[in-house]
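Visitor: My questions all concern the structure below.
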Amino acid sequence: MNARPPRLGVRTRGFTRREFLGATALGGAAVLGGGWPAGLGAAPRRVLGFSGDGEPWMDATIPQLQAMMQMGQLTSRALTQGYLARIASLNPLLHAVIETNPQAVAIAVQRDNERRAGRLRGPLHGIPVLLKDNIATADTMQTTAGSLALVNSRVPSDAPLVARLRAAGAVILGKANLSEWANFRGFGSYDGWSARGGFTRCPYQFANSPLGSSAGSAVAPPANLCAVAVGTETDGSIMAPADHNSAFGLKPTVGLVSGQGVIPIARSQDTAGPMARNVTDAALTLGAMATGNQDYRGALVRGALNGARIGVDWKYFLDPFWGNPDTFPWMQEVLAALQSLGATLVDVETDPSFLLELDELTVLLYEFKVQIAEYLSTLRHAEARTLSDLIAFNSSHCWQEMKYFGQELFEWAETTSGDLTDPEYTEARARCILGARINGIDAALNSTDPPLDVLVAPTWAWLYSFAAVAGYPSTSLPVGFYDDGSPIGFCMVGSAWQEQKLLAFNYDLEQELNAQRPPQFLGTVPDEPPDAGICSGKPKMHGGTGKIHWRNKRIL
């Protein structure tokens with residue numbers, strides 16, 4: 001079985017479920033337009049002994065940073081250098097950043113010059129942003145999904161989402177660490193580990209898994225290694241690490257943000273999304289990334305939850321198989337806060353049983369074989385052109401790539417036909433749509449009159465997988481902490497293209513709870529995991545079947 005539990009000594013995501021699966025195998029209104037919500041006071045200050053502690057930009061929101069820059073109290077250059085210094089100070093411990101951008105300071109200087117000339121590109125002007133290392137940048141940085149197989153390959157261009165961020169004035173600060181190949185290589189993997197970046201650590205409790213695959217993107221904003229980060233998700237890779245690292249994560253509707261230039265697992269579920277310290281920063285970043293000139297600043301006002309209808313399926317709160325009873329004392333407070341803000345809680349039933357089947361995995365395996373070859377074909381100076389080439393590379397670089405776990409998912413994907421008209425694929429995909437959309441989220445939202453606005457659950461439950469398979473948006477909001485300092489997140493799921501509503505609801509709840517807080521870097525860093533024995537020819541059994549490993553992960 002997977003050697004690392006999600007919560008060492010704190011909580012797990014339903015051990016009973018794993019047993020079952022084993023058995024079944026200002027910016028300023030005058031400056032940026034649109035205005036900012038009230039209450040954007042001075043940024044909190046802390047002194048913990050790391051670079052940057054006590055600086056006014058620490059923990060500041062993007063509007064607060066914009067206000068400081070507009071008033072001449074801060075420059076993009078100073079902010080960028082501050083984050084780079086903090087990365088240099090903390091990254092040897094956290095391993096959240098694979099590499100920094102050698103051009104970042106020069107870009108920041110350009111943004112400062114543009115500001116002095118009166119040319120502001122948008123809400124992200126001069127704001128340093130980290131990108132997950134599966135998002136293509138046509139600069140001196142690598143784009144590798146954490147794998148040594150793609151080191152020194154060159155992408156043809158910036159991913160469209162990166163081009164949009166640059167056009168909006170963002171400073172691309174560097175690449176965030178991740179679970180290698182977005183956790184879609186083999187069984188028994190370690191969340192947040194890549195051959196390039198090592199082990200990402202949770203800054204709230206070092207012994208905790210940061211979860212994956214967007215581990216570095218979740219760790220970096222709360223630890224003040226950047227203003228905001230971009231992660232990607234296929235099933236849970238934004239939601240789960242946001243939960244475990246006290247970040248606000250938003251997984252958009254598939255298609256809202258272009259997936260071109262993002263190393264794929266499966267385009268039918270893949271999407272990039274913002275990961276931030278707060279809802280405001282995520283809203284601004286999503287607006288800059290999304291196609292069609294989206295503007296989500298209108299969501300950043302109080303009162304959105306007044307009159308909202310919130311669907312509550314209690315299995316996600318109380319059932320140890322489907323949900324997370326450990327969080328229930330905190331969830332009660334969150335649900336009470338929703339009601340105090342004018343929302344109506346409505347009991348609702350969903351049927352997540354389709355998630356126990358292999359249909360989603362079948363879809364991912366088929367799409368990955370086809371789509372990774374399509375991606376590799378666009379690269380220059382890359383020896384790997386097919387999934388078979390990647391498998392061969394890992395085998396020939398075993399001690400670097402497979403000391404801890406293998407590449408069973410790669411090998412399973414390679415056995416598929418590579419034909420996306422294959423009935424095995426098309427029928428599996430149809431069943432996924434039926435279970436996740438038609439009989440899932442859509443049925444639940446429309447089960448009452450008037451319809452429900454959103455469904456809610458603890459983040460570390462099965463609800464977010466509904467949204468992932470459906471291609472619908474989901475969010476994870478920090479709402480509290482266990483006694484040992486481990487974070488707790490609250491998930492909202494809506495129908496397609498409901499990002500504005502989700503942001504509005506989360507902003508209203510966030511302002512009411514004010515629950516996010518910076519990490520205190522508690523606990524001790526775990527020892528390096530044992531050699532899996534793969535490279536010595538004596539693989540150690542992780543236990544279970546392929547299906548248990550697949551369903552235990554759910555954070556791709």
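Ordered as shown in the structure tokens, chains take letters A, B, and onward, while each chain numbers its residues from 1 and ligands are numbered from 1 in the order shown.
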As a ChimeraX atom specification, please: the residues near Ala78 (chain A) (cut-off 12 Å, only C-alpha atoms, same-chain neighbours under 5 positions excluded).

Guide: /A:52,55-57,65,68-69,72-73,83-85,104-109,111-112,126-128

Visitor: Please, which residues of region 86-199 of chain A, numbered as in this document, come out strand (DSSP E or B) from DSSP, as a list in words?

Guide: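 Those residues are Val97, Ile98, Glu99, Thr100, Pro128, Val129, Leu130, Leu131, Lys132, Ile135, Arg154, Val171, Ile172, Leu173, Gly174, Lys175, Ala176, Trp193, Ser194, Gly198 and Phe199 of chain A.
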
Visitor: For Gln66 (chain A), which of A:Lys175, A:Arg297, A:Lys315, A:Arg115 is the closest residue, counting only C-alpha atoms?

Guide: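 When distances to Gln66 (chain A) are compared using only C-alpha atoms, the smallest one comes from A:Arg115.
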
Visitor: For CA of Leu513 (chain A) and CA of Leu338 (chain A), quote the distance in Å rounded to one decimal.

Guide: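 Between CA of Leu513 (chain A) and CA of Leu338 (chain A) the gap works out to 10.0 Å.
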
Visitor: May I have a table of the residues of region 460-537 of chain A lying at most 10 Å from region 221-231 of chain A, giving each one's closest pair of atoms and their distance in Å to one decimal, counting only C-alpha atoms, ordered by chain and ascending residue number, as JSON lines?

Guide:
{"residue": "A:Gln516", "atom": "CA", "partner": "A:Pro222", "partner_atom": "CA", "distance": 8.8}
{"residue": "A:Arg517", "atom": "CA", "partner": "A:Pro222", "partner_atom": "CA", "distance": 7.9}
{"residue": "A:Pro518", "atom": "CA", "partner": "A:Pro222", "partner_atom": "CA", "distance": 5.8}
{"residue": "A:Pro519", "atom": "CA", "partner": "A:Ala223", "partner_atom": "CA", "distance": 6.4}
{"residue": "A:Gln520", "atom": "CA", "partner": "A:Ala223", "partner_atom": "CA", "distance": 9.2}
{"residue": "A:Phe521", "atom": "CA", "partner": "A:Ala223", "partner_atom": "CA", "distance": 9.2}

Visitor: Report as CSV: every residue of region 90-206 of chain A with an atom at most 10 Å from region 386-408 of chain A, its closest pair of atoms, and their distance in Å to one decimal, counting only C-alpha atoms, with rows sorted by chain and ascending residue number.

Guide:
residue,atom,partner,partner_atom,distance
A:Ser147,CA,A:Glu401,CA,7.7
A:Leu148,CA,A:Glu401,CA,7.7
A:Ala149,CA,A:Phe393,CA,6.4
A:Leu150,CA,A:Leu390,CA,9.1
A:Glu180,CA,A:Glu401,CA,9.4
A:Phe184,CA,A:Gln407,CA,8.4
A:Arg185,CA,A:Gln407,CA,4.8
A:Gly186,CA,A:Gln407,CA,3.9
A:Phe187,CA,A:Glu408,CA,6.3
A:Gly188,CA,A:Phe405,CA,5.8
A:Ser189,CA,A:Phe405,CA,5.6
A:Tyr190,CA,A:Tyr404,CA,7.9
A:Trp193,CA,A:Tyr404,CA,9.7
A:Ser194,CA,A:Glu401,CA,8.2
A:Ala195,CA,A:Glu401,CA,5.8
A:Arg196,CA,A:Gln400,CA,9.2

Visitor: Give me, as a JSON list (two decimals) with N, CA and C atoms, in the first residue's frame, all polymer residues having an atom no more than 6 Å from region 358-367 of chain A, counting only C-alpha atoms and skipping those fewer than 2 positions away in the same chain.

Guide:
[["chain", "number", "residue", "atom", "x", "y", "z"],
["A", 266, "ALA", "N", -5.12, 13.91, -18.94],
["A", 266, "ALA", "CA", -6.29, 13.68, -19.78],
["A", 266, "ALA", "C", -7.01, 15.00, -19.97],
["A", 369, "LYS", "N", -1.96, 8.19, -23.03],
["A", 369, "LYS", "CA", -1.09, 7.63, -24.07],
["A", 369, "LYS", "C", -1.12, 8.48, -25.33],
["A", 370, "VAL", "N", -2.31, 8.91, -25.72],
["A", 370, "VAL", "CA", -2.46, 9.70, -26.95],
["A", 370, "VAL", "C", -1.93, 11.11, -26.74],
["A", 371, "GLN", "N", -2.33, 11.74, -25.66],
["A", 371, "GLN", "CA", -2.08, 13.17, -25.49],
["A", 371, "GLN", "C", -0.66, 13.48, -25.04],
["A", 413, "ALA", "N", -1.07, 2.44, -19.22],
["A", 413, "ALA", "CA", -1.50, 3.30, -20.32],
["A", 413, "ALA", "C", -0.92, 2.82, -21.65],
["A", 416, "THR", "N", -2.97, 0.30, -23.65],
["A", 416, "THR", "CA", -4.22, 0.68, -24.31],
["A", 416, "THR", "C", -4.00, 0.81, -25.81],
["A", 425, "TYR", "N", -12.88, 2.96, -24.34],
["A", 425, "TYR", "CA", -12.71, 4.34, -23.89],
["A", 425, "TYR", "C", -14.03, 5.12, -23.94],
["A", 428, "ALA", "N", -16.53, 4.07, -21.31],
["A", 428, "ALA", "CA", -16.10, 4.48, -19.97],
["A", 428, "ALA", "C", -16.33, 5.97, -19.76],
["A", 429, "ARG", "N", -16.00, 6.76, -20.77],
["A", 429, "ARG", "CA", -16.20, 8.21, -20.67],
["A", 429, "ARG", "C", -17.68, 8.55, -20.55]]
